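The file target.pdb contains PDB, C-alpha atoms:
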```pdb
ATOM      1  CA  MET A1056     -23.168   1.292  35.374
ATOM      2  CA  ALA A1057     -19.736  -0.270  35.351
ATOM      3  CA  ASN A1058     -21.175  -3.790  35.542
ATOM      4  CA  LYS A1059     -23.365  -3.321  32.471
ATOM      5  CA  GLY A1060     -23.404  -6.322  30.154
ATOM      6  CA  PRO A1061     -22.533  -6.382  26.461
ATOM      7  CA  SER A1062     -24.679  -4.431  24.036
ATOM      8  CA  TYR A1063     -26.589  -5.965  21.144
ATOM      9  CA  GLY A1064     -28.286  -4.793  17.972
ATOM     10  CA  MET A1065     -28.172  -1.118  17.127
ATOM     11  CA  SER A1066     -26.453  -0.245  20.424
ATOM     12  CA  ARG A1067     -23.626  -2.587  19.496
ATOM     13  CA  VAL A1068     -23.283  -1.072  16.016
ATOM     14  CA  VAL A1069     -23.085   2.443  17.449
ATOM     15  CA  GLN A1070     -20.527   1.408  20.095
ATOM     16  CA  ASP A1071     -18.402  -0.342  17.436
ATOM     17  CA  LYS A1072     -18.337   2.850  15.349
ATOM     18  CA  ILE A1073     -17.262   4.875  18.386
ATOM     19  CA  ASP A1074     -14.558   2.317  19.229
ATOM     20  CA  LYS A1075     -13.109   2.491  15.693
ATOM     21  CA  LYS A1076     -12.333   6.205  16.176
ATOM     22  CA  TYR A1077      -9.798   5.399  18.909
ATOM     23  CA  ASP A1078      -6.240   5.773  17.563
ATOM     24  CA  ALA A1079      -3.324   3.829  19.063
ATOM     25  CA  GLU A1080      -0.758   6.243  17.564
ATOM     26  CA  VAL A1081      -2.486   9.214  19.180
ATOM     27  CA  GLU A1082      -2.497   7.284  22.462
ATOM     28  CA  GLU A1083       1.284   6.825  22.229
ATOM     29  CA  LEU A1084       1.826  10.523  21.454
ATOM     30  CA  LEU A1085      -0.414  11.603  24.350
ATOM     31  CA  VAL A1086       1.373   9.301  26.798
ATOM     32  CA  GLN A1087       4.743  10.739  25.708
ATOM     33  CA  TRP A1088       3.461  14.282  26.161
ATOM     34  CA  ILE A1089       1.825  13.674  29.552
ATOM     35  CA  VAL A1090       5.003  12.030  30.907
ATOM     36  CA  ALA A1091       7.158  14.859  29.477
ATOM     37  CA  GLN A1092       4.788  17.490  30.875
ATOM     38  CA  CYS A1093       4.205  16.023  34.348
ATOM     39  CA  GLY A1094       7.387  14.023  34.922
ATOM     40  CA  SER A1095       7.910  10.321  35.441
ATOM     41  CA  GLY A1096       5.920  10.405  38.702
ATOM     42  CA  VAL A1097       2.688   9.871  36.783
ATOM     43  CA  GLY A1098       3.942   6.516  35.492
ATOM     44  CA  LYS A1099       3.006   4.987  32.155
ATOM     45  CA  PRO A1100      -0.063   3.000  31.199
ATOM     46  CA  GLU A1101      -0.148  -0.481  29.763
ATOM     47  CA  ALA A1102      -0.386  -0.353  25.995
ATOM     48  CA  GLY A1103      -3.899  -0.402  24.609
ATOM     49  CA  LYS A1104      -7.223   1.235  25.148
ATOM     50  CA  LEU A1105      -7.999  -0.340  28.513
ATOM     51  CA  GLY A1106      -4.566   0.526  29.908
ATOM     52  CA  PHE A1107      -4.992   4.130  28.771
ATOM     53  CA  GLN A1108      -8.429   4.297  30.396
ATOM     54  CA  ASP A1109      -7.211   2.785  33.692
ATOM     55  CA  TRP A1110      -4.309   5.261  33.788
ATOM     56  CA  LEU A1111      -6.576   8.300  33.452
ATOM     57  CA  LYS A1112      -9.732   6.956  35.098
ATOM     58  CA  ASP A1113      -9.222   8.313  38.620
ATOM     59  CA  GLY A1114      -8.535  11.826  37.302
ATOM     60  CA  CYS A1115      -5.223  12.279  39.129
ATOM     61  CA  VAL A1116      -3.020  12.182  36.010
ATOM     62  CA  LEU A1117      -5.370  14.616  34.251
ATOM     63  CA  SER A1118      -5.277  16.962  37.247
ATOM     64  CA  GLU A1119      -1.463  16.833  37.338
ATOM     65  CA  LEU A1120      -1.449  17.618  33.612
ATOM     66  CA  ILE A1121      -3.647  20.709  33.819
ATOM     67  CA  ASN A1122      -1.778  21.950  36.904
ATOM     68  CA  SER A1123       1.569  21.560  35.103
ATOM     69  CA  LEU A1124       0.370  23.995  32.433
ATOM     70  CA  HIS A1125       0.079  26.764  35.042
ATOM     71  CA  LYS A1126       3.089  28.403  36.661
ATOM     72  CA  ASP A1127       1.221  29.944  39.584
ATOM     73  CA  ASN A1128      -2.329  29.668  40.836
ATOM     74  CA  LYS A1129      -2.911  25.995  40.029
ATOM     75  CA  PRO A1130      -6.557  25.358  39.045
ATOM     76  CA  ILE A1131      -6.921  22.080  40.972
ATOM     77  CA  LYS A1132      -5.911  22.583  44.587
ATOM     78  CA  LYS A1133      -6.330  19.044  45.902
ATOM     79  CA  ILE A1134      -5.352  15.937  43.942
ATOM     80  CA  ALA A1135      -6.169  12.804  45.876
ATOM     81  CA  SER A1136      -6.379   9.281  44.556
ATOM     82  CA  SER A1137      -9.514   7.502  45.676
ATOM     83  CA  SER A1138     -11.138   4.171  44.966
ATOM     84  CA  MET A1139     -14.625   5.658  45.317
ATOM     85  CA  ALA A1140     -16.370   6.191  41.991
ATOM     86  CA  PHE A1141     -17.913   9.557  42.791
ATOM     87  CA  LYS A1142     -14.542  10.960  43.954
ATOM     88  CA  GLN A1143     -12.889   9.818  40.715
ATOM     89  CA  MET A1144     -15.676  11.371  38.642
ATOM     90  CA  GLU A1145     -15.405  14.587  40.648
ATOM     91  CA  GLN A1146     -11.656  14.732  39.918
ATOM     92  CA  ILE A1147     -12.355  14.264  36.186
ATOM     93  CA  SER A1148     -14.997  17.018  36.320
ATOM     94  CA  GLN A1149     -12.500  19.377  37.947
ATOM     95  CA  PHE A1150     -10.065  18.666  35.105
ATOM     96  CA  LEU A1151     -12.748  19.386  32.493
ATOM     97  CA  THR A1152     -13.667  22.692  34.149
ATOM     98  CA  ALA A1153     -10.004  23.711  34.378
ATOM     99  CA  ALA A1154      -9.350  22.684  30.753
ATOM    100  CA  GLU A1155     -12.265  24.775  29.539
ATOM    101  CA  SER A1156     -11.056  27.831  31.463
ATOM    102  CA  TYR A1157      -7.550  27.192  30.044
ATOM    103  CA  GLY A1158      -8.914  27.562  26.506
ATOM    104  CA  VAL A1159     -10.203  24.208  25.274
ATOM    105  CA  ILE A1160     -13.501  24.852  23.503
ATOM    106  CA  LYS A1161     -16.672  23.185  24.742
ATOM    107  CA  THR A1162     -17.174  21.109  21.578
ATOM    108  CA  ASP A1163     -13.764  19.463  22.054
ATOM    109  CA  MET A1164     -14.551  18.328  25.602
ATOM    110  CA  PHE A1165     -15.412  14.764  26.563
ATOM    111  CA  GLN A1166     -18.045  13.855  29.125
ATOM    112  CA  THR A1167     -17.001  12.318  32.447
ATOM    113  CA  VAL A1168     -18.662   8.985  31.588
ATOM    114  CA  ASP A1169     -16.756   8.831  28.291
ATOM    115  CA  LEU A1170     -13.601   8.239  30.303
ATOM    116  CA  TRP A1171     -14.868   6.671  33.508
ATOM    117  CA  GLU A1172     -17.060   4.050  31.835
ATOM    118  CA  GLY A1173     -14.914   3.832  28.700
ATOM    119  CA  LYS A1174     -17.822   4.796  26.441
ATOM    120  CA  ASP A1175     -15.843   7.076  24.095
ATOM    121  CA  LEU A1176     -12.084   7.125  24.631
ATOM    122  CA  ALA A1177     -11.634   8.776  21.228
ATOM    123  CA  ALA A1178     -13.369  11.839  22.712
ATOM    124  CA  VAL A1179     -10.848  11.759  25.577
ATOM    125  CA  GLN A1180      -8.041  11.730  23.007
ATOM    126  CA  ARG A1181      -9.659  14.660  21.169
ATOM    127  CA  THR A1182      -9.820  16.719  24.372
ATOM    128  CA  LEU A1183      -6.186  16.020  25.244
ATOM    129  CA  MET A1184      -5.051  16.834  21.680
ATOM    130  CA  SER A1185      -6.966  20.118  21.871
ATOM    131  CA  LEU A1186      -5.409  20.870  25.269
ATOM    132  CA  GLY A1187      -1.956  20.261  23.801
ATOM    133  CA  SER A1188      -2.729  22.571  20.874
ATOM    134  CA  VAL A1189      -3.859  25.340  23.209
ATOM    135  CA  ALA A1190      -0.708  24.901  25.323
ATOM    136  CA  VAL A1191       1.576  25.091  22.257
ATOM    137  CA  THR A1192      -0.303  28.120  20.939
ATOM    138  CA  LYS A1193      -0.077  30.025  24.247
ATOM    139  CA  ASP A1194       3.722  29.651  24.187
ATOM    140  CA  ASP A1195       3.991  30.890  27.795
ATOM    141  CA  GLY A1196       6.895  28.649  28.789
ATOM    142  CA  ASN A1197       4.778  26.094  30.664
ATOM    143  CA  TYR A1198       4.555  23.592  27.787
ATOM    144  CA  HIS A1199       7.110  20.752  27.934
ATOM    145  CA  GLY A1200       7.723  18.344  25.110
ATOM    146  CA  ASP A1201       8.082  18.553  21.361
ATOM    147  CA  PRO A1202       6.056  21.507  20.004
ATOM    148  CA  ASN A1203       5.568  19.607  16.740
ATOM    149  CA  TRP A1204       3.327  17.073  18.505
ATOM    150  CA  PHE A1205       0.371  19.463  18.285
ATOM    151  CA  PHE A1206      -1.006  21.981  15.804
ATOM    152  CA  LYS A1207      -1.014  25.629  16.711
ATOM    153  CA  LYS A1208      -4.496  27.110  16.927
ATOM    154  CA  ALA A1209      -5.402  29.957  14.593
ATOM    155  CA  GLN A1210      -4.767  33.410  15.997
ATOM    156  CA  GLU A1211      -6.775  36.574  15.443
ATOM    157  CA  ASN A1212      -5.624  38.628  12.453
ATOM    158  CA  ARG A1213      -7.317  41.978  12.970
ATOM    159  CA  ARG A1214      -7.269  44.452  10.086
ATOM    160  CA  GLU A1215      -7.879  48.191  10.140
ATOM    161  CA  PHE A1216      -9.212  50.058   7.096
ATOM    162  CA  THR A1217      -9.385  53.787   6.459
ATOM    163  CA  ASP A1218     -12.671  55.474   5.507
ATOM    164  CA  ASP A1219     -11.377  55.969   1.938
ATOM    165  CA  GLN A1220     -10.649  52.229   1.596
ATOM    166  CA  LEU A1221     -14.113  51.338   2.896
ATOM    167  CA  LYS A1222     -15.809  53.765   0.448
ATOM    168  CA  ALA A1223     -13.783  52.392  -2.472
ATOM    169  CA  GLY A1224     -14.813  48.854  -1.578
ATOM    170  CA  LYS A1225     -18.515  49.673  -1.822
ATOM    171  CA  GLY A1226     -18.270  50.184  -5.593
ATOM    172  CA  VAL A1227     -16.682  46.784  -6.243
ATOM    173  CA  ILE A1228     -18.909  43.862  -7.176
ATOM    174  CA  GLY A1229     -17.766  40.844  -5.240
ATOM    175  CA  LEU A1230     -16.848  37.709  -7.172
ATOM    176  CA  GLN A1231     -19.464  35.725  -5.291
ATOM    177  CA  MET A1232     -22.213  37.934  -6.703
ATOM    178  CA  GLY A1233     -21.194  37.116 -10.250
ATOM    179  CA  SER A1234     -21.398  39.398 -13.196
ATOM    180  CA  ASN A1235     -23.832  39.462 -16.103
ATOM    181  CA  LYS A1236     -21.416  41.467 -18.313
ATOM    182  CA  GLY A1237     -24.169  43.647 -19.767
ATOM    183  CA  ALA A1238     -26.519  40.786 -20.681
ATOM    184  CA  SER A1239     -30.135  41.592 -21.386
ATOM    185  CA  GLN A1240     -33.266  39.752 -22.478
ATOM    186  CA  THR A1241     -33.351  41.178 -26.024
ATOM    187  CA  GLY A1242     -33.701  38.568 -28.692
ATOM    188  CA  MET A1243     -35.170  35.938 -26.385
ATOM    189  CA  SER A1244     -38.322  34.186 -27.480
ATOM    190  CA  TYR A1245     -40.608  32.238 -25.252
ATOM    191  CA  GLY A1246     -42.367  30.268 -28.004
ATOM    192  CA  ALA A1247     -45.665  30.799 -29.723
ATOM    193  CA  THR A1248     -48.570  32.426 -27.961
ATOM    194  CA  ARG A1249     -51.237  30.146 -26.602
ATOM    195  CA  GLN A1250     -54.444  29.911 -28.577
ATOM    196  CA  ILE A1251     -57.467  30.149 -26.370
ATOM    197  CA  GLN A1252     -60.803  29.172 -27.927
TER     198      GLN A1252
END
```

Taking this structure as input, can you express it in the form of structure tokens?
Amino acid sequence: MANKGPSYGMSRVVQDKIDKKYDAEVEELLVQWIVAQCGSGVGKPEAGKLGFQDWLKDGCVLSELINSLHKDNKPIKKIASSSMAFKQMEQISQFLTAAESYGVIKTDMFQTVDLWEGKDLAAVQRTLMSLGSVAVTKDDGNYHGDPNWFFKKAQENRREFTDDQLKAGKGVIGLQMGSNKGASQTGMSYGATRQIQ
């Protein structure tokens, strides 16, 4: 798969649209966060999309990242760099499983081939941005870096109503239902009657 040639026609158009979603500014922010979160031991990638992909491709940096968000009971027990493709993909899969159990929703997750083959690096950025947002929202002391880098996720805002409040609400016509303000059909004419011969 990695030695696949260039795409043509509709495949090329689709790939170009996917490539345009990749954001260099988001890449820079994510690199800053990952280095702040994991320490300088993870290194830094070369600038650009290919450098970012090569940095994350073996799954080790991603595994270090998800482990750094846990104080105890690290989700990925063994992080080993390997040149074998299936080992790298397995490491990425372990990260994705751990990220989902950490709180990243399924629709924000990238597929292993998106990173490993470089098919959709914008999806990789989306997953990492979502992971950062979950980490900032949890506010459990394991997040390192500027909290303004990510948005806080919405929290539950549960409300309790008394029986009297619920009964009073049943008599109110909601604004979405509209109001006819006492209108009726009096005075309406539908035209002359039809003459049948």

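Counting only C-alpha atoms, Ser1185 in chain A has the following residues at most 10 Å away, ignoring those fewer than 2 positions along the same chain: Ala1154, Gly1158, Val1159, Ile1160, Asp1163, Met1164, Val1179, Gln1180, Arg1181, Thr1182, Leu1183, Gly1187, Ser1188, Val1189, Ala1190, Val1191, Phe1205, Phe1206, Lys1207 and Lys1208 of chain A.
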
Legend entry - Asn1197 in chain A environment, 7 Å, all atoms listed in the file, sequence neighbours closer than 6 positions dropped, as a list in words: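 In the requested format, the answer is Leu1124, His1125 and Lys1126 of chain A.
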
Atoms kept (C-alpha atoms) for selection, written as a PDB file, in the frame of the given file:
```pdb
ATOM      1  CA  LEU A1124       0.370  23.995  32.433  1.00  0.00           C
ATOM      2  CA  HIS A1125       0.079  26.764  35.042  1.00  0.00           C
ATOM      3  CA  LYS A1126       3.089  28.403  36.661  1.00  0.00           C
TER       4      LYS A1126
END
```

Legend entry - Coordinates-based distance that separates CA of Glu1082 in chain A from CA of Asn1122 in chain A (Å, one decimal):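 According to the coordinates, CA of Asn1122 in chain A and CA of Glu1082 in chain A are separated by 20.6 Å.
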
Inset, instruction - I would like the residues chosen by the PyMOL selection byres ((chain A and resi 1099-1103) around 10) on the shown file; could you give them as number ranges by chain? - result: A: 1078-1079, 1082-1083, 1086-1087, 1089-1090, 1095-1098, 1104-1111

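For the atom pair formed by CA of Ser1137 in chain A and CA of Gly1114 in chain A, the distance is 9.5 Å, given to one decimal.
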
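Interatomic distance, CA of Lys1132 in chain A to CA of Trp1204 in chain A: 28.2 Å.
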
Legend entry - Hits from the PyMOL selection byres ((chain A and resi 1136) around 10), listed as a list in words: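 With the PyMOL selection byres ((chain A and resi 1136) around 10) on this model, the match is Asp1113, Gly1114, Cys1115, Val1116, Lys1133, Ile1134, Ala1135, Ser1137, Ser1138, Met1139, Lys1142, Gln1143 and Gln1146 of chain A.
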
Legend entry - Given the PyMOL selection byres ((chain A and resi 1092) around 7), the residues it picks as a VMD selection string: chain A and resid 1088 to 1091 1093 to 1094 1120 1123 1198 to 1200

Inset, instruction - Write out as a list in words each polymer residue whose atoms come within 7 Å of range 1166-1171 of chain A, counting only C-alpha atoms; drop sequence neighbours fewer than 5 positions from it. - result: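 Here the qualifying residues turn out to be Gln1108, Lys1112, Met1144, Ile1147, Ser1148, Leu1176 and Val1179 of chain A.
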
With 8 Å on each side, where is the centre of the axis-aligned box around all listed atoms of range 1065-1074 of chain A, and how long are its edges in Å to one decimal, as AutoDock Vina command-line options?
```
--center_x -21.4 --center_y 1.1 --center_z 17.9 --size_x 29.6 --size_y 23.5 --size_z 21.1
```

Inset, instruction - Determine the nearest neighbour of Val1069 in chain A from the options A:Asp1194, A:Asp1175, A:Asp1201, A:Glu1145, counting all atoms listed in the file. - result: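 Using all atoms listed in the file, Val1069 in chain A sits closest to A:Asp1175.
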
Inset, instruction - Name the closest residue to Ala1177 in chain A among the candidates A:Lys1076, A:Met1065, A:Pro1130, A:Gln1070; distances are taken between atoms, counting all atoms listed in the file. - result: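 Using all atoms listed in the file, Ala1177 in chain A sits closest to A:Lys1076.
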
At the level of all heavy atoms, write range 1142-1155 of chain A to a file as a CSV table (one decimal), in the first residue's frame, please.
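Saved the output as out-v3.csv:
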```
chain,number,residue,atom,x,y,z
A,1142,LYS,N,3.5,-3.7,13.3
A,1142,LYS,CA,3.8,-3.3,14.7
A,1142,LYS,C,3.5,-1.8,14.9
A,1142,LYS,O,2.9,-1.4,15.9
A,1142,LYS,CB,5.3,-3.5,15.1
A,1142,LYS,CG,5.6,-4.9,15.3
A,1142,LYS,CD,5.1,-5.4,16.6
A,1142,LYS,CE,5.7,-6.8,17.0
A,1142,LYS,NZ,5.1,-7.3,18.2
A,1143,GLN,N,3.8,-1.0,13.9
A,1143,GLN,CA,3.5,0.5,13.9
A,1143,GLN,C,2.0,0.7,13.9
A,1143,GLN,O,1.5,1.5,14.7
A,1143,GLN,CB,4.2,1.2,12.8
A,1143,GLN,CG,5.7,1.2,12.9
A,1143,GLN,CD,6.3,1.9,11.7
A,1143,GLN,OE1,5.7,2.2,10.7
A,1143,GLN,NE2,7.6,2.1,11.8
A,1144,MET,N,1.3,-0.1,13.1
A,1144,MET,CA,-0.2,0.1,13.0
A,1144,MET,C,-0.8,-0.4,14.3
A,1144,MET,O,-1.8,0.1,14.7
A,1144,MET,CB,-0.7,-0.7,11.8
A,1144,MET,CG,-0.4,-0.1,10.5
A,1144,MET,SD,-1.3,-0.8,9.2
A,1144,MET,CE,-0.2,-0.8,7.8
A,1145,GLU,N,-0.3,-1.5,14.9
A,1145,GLU,CA,-0.8,-2.0,16.1
A,1145,GLU,C,-0.6,-0.9,17.2
A,1145,GLU,O,-1.5,-0.7,18.0
A,1145,GLU,CB,-0.1,-3.2,16.5
A,1145,GLU,CG,-0.6,-3.8,17.8
A,1145,GLU,CD,0.2,-5.1,18.2
A,1145,GLU,OE1,1.2,-5.4,17.6
A,1145,GLU,OE2,-0.2,-5.7,19.2
A,1146,GLN,N,0.5,-0.2,17.2
A,1146,GLN,CA,0.7,0.9,18.2
A,1146,GLN,C,-0.3,2.0,18.0
A,1146,GLN,O,-0.8,2.5,19.0
A,1146,GLN,CB,2.2,1.4,18.1
A,1146,GLN,CG,2.7,2.2,19.2
A,1146,GLN,CD,3.2,1.3,20.3
A,1146,GLN,OE1,3.7,0.2,20.1
A,1146,GLN,NE2,3.1,1.8,21.6
A,1147,ILE,N,-0.5,2.4,16.8
A,1147,ILE,CA,-1.5,3.4,16.5
A,1147,ILE,C,-2.9,3.0,17.0
A,1147,ILE,O,-3.7,3.7,17.5
A,1147,ILE,CB,-1.5,3.8,15.0
A,1147,ILE,CG1,-0.2,4.4,14.6
A,1147,ILE,CG2,-2.7,4.7,14.6
A,1147,ILE,CD1,0.0,4.5,13.1
A,1148,SER,N,-3.3,1.7,16.7
A,1148,SER,CA,-4.6,1.2,17.1
A,1148,SER,C,-4.7,1.2,18.6
A,1148,SER,O,-5.8,1.5,19.1
A,1148,SER,CB,-4.7,-0.3,16.6
A,1148,SER,OG,-5.0,-0.3,15.3
A,1149,GLN,N,-3.6,0.9,19.3
A,1149,GLN,CA,-3.7,1.0,20.8
A,1149,GLN,C,-4.0,2.4,21.3
A,1149,GLN,O,-4.7,2.6,22.2
A,1149,GLN,CB,-2.4,0.5,21.4
A,1149,GLN,CG,-2.2,-1.0,21.3
A,1149,GLN,CD,-0.9,-1.5,21.9
A,1149,GLN,OE1,0.0,-0.7,22.2
A,1149,GLN,NE2,-0.7,-2.8,22.0
A,1150,PHE,N,-3.3,3.4,20.6
A,1150,PHE,CA,-3.6,4.8,20.9
A,1150,PHE,C,-5.0,5.1,20.7
A,1150,PHE,O,-5.7,5.7,21.5
A,1150,PHE,CB,-2.7,5.7,20.1
A,1150,PHE,CG,-3.2,7.1,20.1
A,1150,PHE,CD1,-3.0,8.0,21.2
A,1150,PHE,CD2,-3.9,7.6,19.0
A,1150,PHE,CE1,-3.5,9.3,21.2
A,1150,PHE,CE2,-4.4,8.9,19.0
A,1150,PHE,CZ,-4.2,9.7,20.1
A,1151,LEU,N,-5.6,4.7,19.6
A,1151,LEU,CA,-7.0,5.0,19.2
A,1151,LEU,C,-8.0,4.4,20.3
A,1151,LEU,O,-8.9,5.1,20.7
A,1151,LEU,CB,-7.3,4.5,17.8
A,1151,LEU,CG,-6.6,5.3,16.7
A,1151,LEU,CD1,-6.9,4.6,15.4
A,1151,LEU,CD2,-7.1,6.7,16.6
A,1152,THR,N,-7.7,3.2,20.7
A,1152,THR,CA,-8.5,2.5,21.7
A,1152,THR,C,-8.5,3.3,23.0
A,1152,THR,O,-9.5,3.5,23.7
A,1152,THR,CB,-8.1,1.1,21.9
A,1152,THR,OG1,-8.2,0.4,20.6
A,1152,THR,CG2,-9.0,0.4,22.9
A,1153,ALA,N,-7.2,3.7,23.4
A,1153,ALA,CA,-7.0,4.4,24.7
A,1153,ALA,C,-7.7,5.8,24.6
A,1153,ALA,O,-8.2,6.2,25.6
A,1153,ALA,CB,-5.5,4.5,25.0
A,1154,ALA,N,-7.6,6.4,23.5
A,1154,ALA,CA,-8.2,7.8,23.3
A,1154,ALA,C,-9.7,7.7,23.4
A,1154,ALA,O,-10.3,8.6,24.0
A,1154,ALA,CB,-7.7,8.4,22.0
A,1155,GLU,N,-10.3,6.7,22.8
A,1155,GLU,CA,-11.7,6.5,22.9
A,1155,GLU,C,-12.2,6.3,24.3
A,1155,GLU,O,-13.1,6.9,24.8
A,1155,GLU,CB,-12.2,5.4,22.0
A,1155,GLU,CG,-13.7,5.3,21.9
A,1155,GLU,CD,-14.2,4.3,20.9
A,1155,GLU,OE1,-13.3,3.6,20.2
A,1155,GLU,OE2,-15.4,4.1,20.8
```
